[in-house]
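These notes are about the structure you will find just below.
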Amino acid sequence: FCCSFSFFLFRFCSRWFCHFDDDNYVNVPRLVRFLGDYSPMEDWYLGKTSIQAPLEITNKDKVSQKVKFWFATGGAGFCLSRALALKMMPVA
């Protein structure tokens, strides 16, 4: 229930989806001010990446095409803009 309710709230109410580990302190007023500098209507991943450069792999549908992407485990926490989270929903 908790996860589906969180999804419901995000889908209809939120501009940002933020995840933090339960052993982290989050200064919520500061986080809200920080997020105010970014548009939730644009694709944003705010957090640390797990690697120093994008991964490059071969596209499984077109072997001659390379695909580059960043990999992130989330670390202590991250925030996704609404626009990016909605794009990720079909594969999440």
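Each chain in the structure tokens gets a letter, A, B, ..., in the order shown, and its residues are numbered from 1; ligands are numbered from 1 in order too.
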
Next item on the list: Give me the residues within 6 Å of region 83-86 of chain A as an MDAnalysis selection string, counting only C-alpha atoms and dropping any in the same chain fewer than 4 places off.
Entry: chainID A and resid 41:43

I'd like the neighbourhood of Leu35 (chain A) as a compact mmCIF listing (two decimals) with all heavy atoms, in the first residue's frame, where a residue qualifies if any of its atoms comes within 9 Å (using only C-alpha atoms), though same-chain residues fewer than 4 positions away should be ignored.
```txt
# COMPACT_ATOMS: atom_id res chain seq x y z
N TRP A 16 8.40 16.85 -7.81
CA TRP A 16 9.68 16.16 -7.62
C TRP A 16 9.46 14.85 -6.89
O TRP A 16 8.58 14.76 -6.03
CB TRP A 16 10.63 17.03 -6.79
CG TRP A 16 11.03 18.27 -7.51
CD1 TRP A 16 10.42 19.50 -7.42
CD2 TRP A 16 12.08 18.40 -8.44
NE1 TRP A 16 11.04 20.38 -8.25
CE2 TRP A 16 12.08 19.74 -8.89
CE3 TRP A 16 13.03 17.53 -8.95
CZ2 TRP A 16 13.00 20.21 -9.82
CZ3 TRP A 16 13.95 18.01 -9.88
CH2 TRP A 16 13.92 19.34 -10.30
N ARG A 30 15.78 23.67 3.09
CA ARG A 30 16.90 23.94 2.18
C ARG A 30 16.72 23.16 0.87
O ARG A 30 16.99 23.67 -0.21
CB ARG A 30 18.22 23.56 2.85
CG ARG A 30 19.43 23.66 1.97
CD ARG A 30 19.72 25.12 1.58
NE ARG A 30 20.84 25.19 0.69
CZ ARG A 30 20.76 25.52 -0.60
NH1 ARG A 30 19.61 25.85 -1.12
NH2 ARG A 30 21.82 25.56 -1.35
N LEU A 31 16.24 21.94 0.96
CA LEU A 31 15.99 21.14 -0.24
C LEU A 31 14.94 21.81 -1.12
O LEU A 31 15.11 21.90 -2.34
CB LEU A 31 15.54 19.73 0.14
CG LEU A 31 15.15 18.81 -1.02
CD1 LEU A 31 16.34 18.56 -1.94
CD2 LEU A 31 14.58 17.51 -0.48
N SER A 39 13.50 23.44 -13.01
CA SER A 39 12.12 23.26 -13.47
C SER A 39 11.74 21.78 -13.43
O SER A 39 12.42 20.96 -14.06
CB SER A 39 11.96 23.77 -14.90
OG SER A 39 10.68 23.39 -15.40
N PRO A 40 10.65 21.43 -12.75
CA PRO A 40 10.20 20.04 -12.74
C PRO A 40 9.64 19.60 -14.10
O PRO A 40 9.40 18.42 -14.32
CB PRO A 40 9.12 20.01 -11.66
CG PRO A 40 8.63 21.41 -11.59
CD PRO A 40 9.79 22.28 -11.93
N CYS A 79 16.97 13.27 -6.29
CA CYS A 79 15.66 13.80 -6.66
C CYS A 79 15.51 13.70 -8.18
O CYS A 79 16.45 13.97 -8.92
CB CYS A 79 15.50 15.26 -6.24
SG CYS A 79 15.40 15.51 -4.46
```

Exercise: Val32 (chain A) partners within 12 Å, only C-alpha atoms, chain neighbours under 2 positions left out, as a short mmCIF file (atom, residue, chain, number, x, y, z; two decimals) with N, CA, C and O atoms, in the first residue's frame:
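Listed below is the output, selection.cif:
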```cif
data_model
loop_
_atom_site.label_atom_id
_atom_site.label_comp_id
_atom_site.auth_asym_id
_atom_site.auth_seq_id
_atom_site.Cartn_x
_atom_site.Cartn_y
_atom_site.Cartn_z
N ARG A 15 5.85 17.65 -7.94
CA ARG A 15 6.71 18.14 -9.00
C ARG A 15 8.05 17.42 -8.97
O ARG A 15 8.74 17.37 -9.96
N TRP A 16 8.40 16.85 -7.81
CA TRP A 16 9.68 16.16 -7.62
C TRP A 16 9.46 14.85 -6.89
O TRP A 16 8.58 14.76 -6.03
N PHE A 17 10.27 13.85 -7.23
CA PHE A 17 10.31 12.60 -6.49
C PHE A 17 11.71 12.51 -5.89
O PHE A 17 12.69 12.46 -6.63
N CYS A 18 11.79 12.53 -4.57
CA CYS A 18 13.08 12.47 -3.89
C CYS A 18 13.13 11.21 -3.03
O CYS A 18 12.15 10.85 -2.38
N VAL A 26 17.84 15.15 6.30
CA VAL A 26 17.48 16.00 5.16
C VAL A 26 16.94 17.32 5.70
O VAL A 26 15.97 17.35 6.47
N ASN A 27 17.57 18.40 5.31
CA ASN A 27 17.11 19.74 5.65
C ASN A 27 16.04 20.10 4.61
O ASN A 27 16.36 20.60 3.52
N VAL A 28 14.80 19.82 4.92
CA VAL A 28 13.71 19.96 3.94
C VAL A 28 13.55 21.41 3.46
O VAL A 28 13.42 21.62 2.25
N PRO A 29 13.56 22.42 4.32
CA PRO A 29 13.44 23.79 3.80
C PRO A 29 14.56 24.13 2.81
O PRO A 29 14.32 24.76 1.79
N ARG A 30 15.78 23.67 3.09
CA ARG A 30 16.90 23.94 2.18
C ARG A 30 16.72 23.16 0.87
O ARG A 30 16.99 23.67 -0.21
N PHE A 34 16.53 24.67 -2.86
CA PHE A 34 17.44 24.17 -3.89
C PHE A 34 16.66 23.73 -5.13
O PHE A 34 17.02 24.07 -6.26
N LEU A 35 15.59 22.98 -4.93
CA LEU A 35 14.79 22.51 -6.06
C LEU A 35 14.11 23.64 -6.81
O LEU A 35 13.81 23.53 -8.00
N GLY A 36 13.90 24.76 -6.13
CA GLY A 36 13.29 25.92 -6.76
C GLY A 36 14.11 26.50 -7.90
O GLY A 36 13.60 27.24 -8.74
N ASP A 37 15.40 26.15 -7.94
CA ASP A 37 16.28 26.61 -9.02
C ASP A 37 16.14 25.79 -10.30
O ASP A 37 16.75 26.10 -11.31
N TYR A 38 15.38 24.70 -10.24
CA TYR A 38 15.23 23.79 -11.37
C TYR A 38 13.76 23.64 -11.73
O TYR A 38 12.90 23.65 -10.86
N CYS A 79 16.97 13.27 -6.29
CA CYS A 79 15.66 13.80 -6.66
C CYS A 79 15.51 13.70 -8.18
O CYS A 79 16.45 13.97 -8.92
#
```

Item checked: Exercise: Phe78 (chain A) partners within 7 Å, only C-alpha atoms, chain neighbours under 2 positions left out, as a list in words ->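 Non-adjacent residues within range: Cys18, His19, Phe20, Leu46, Gly47, Gly74 and Leu80 of chain A.
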
Check: What is the CA of Pro54 (chain A) to CA of Phe69 (chain A) distance in Å?
Finding: 5.1 Å

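For the pair CA of Lys62 (chain A) and CA of Pro90 (chain A), the separation is 21.5 Å.
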
Next item on the list: Write out as a PyMOL selection string all residues of region 57-88 of chain A that backbone DSSP assigns to helix (DSSP H, G or I).
Entry: chain A and resi 82-88

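The gap separating CA of Val67 (chain A) from CA of Tyr45 (chain A) is 18.6 Å, in Å to one decimal.
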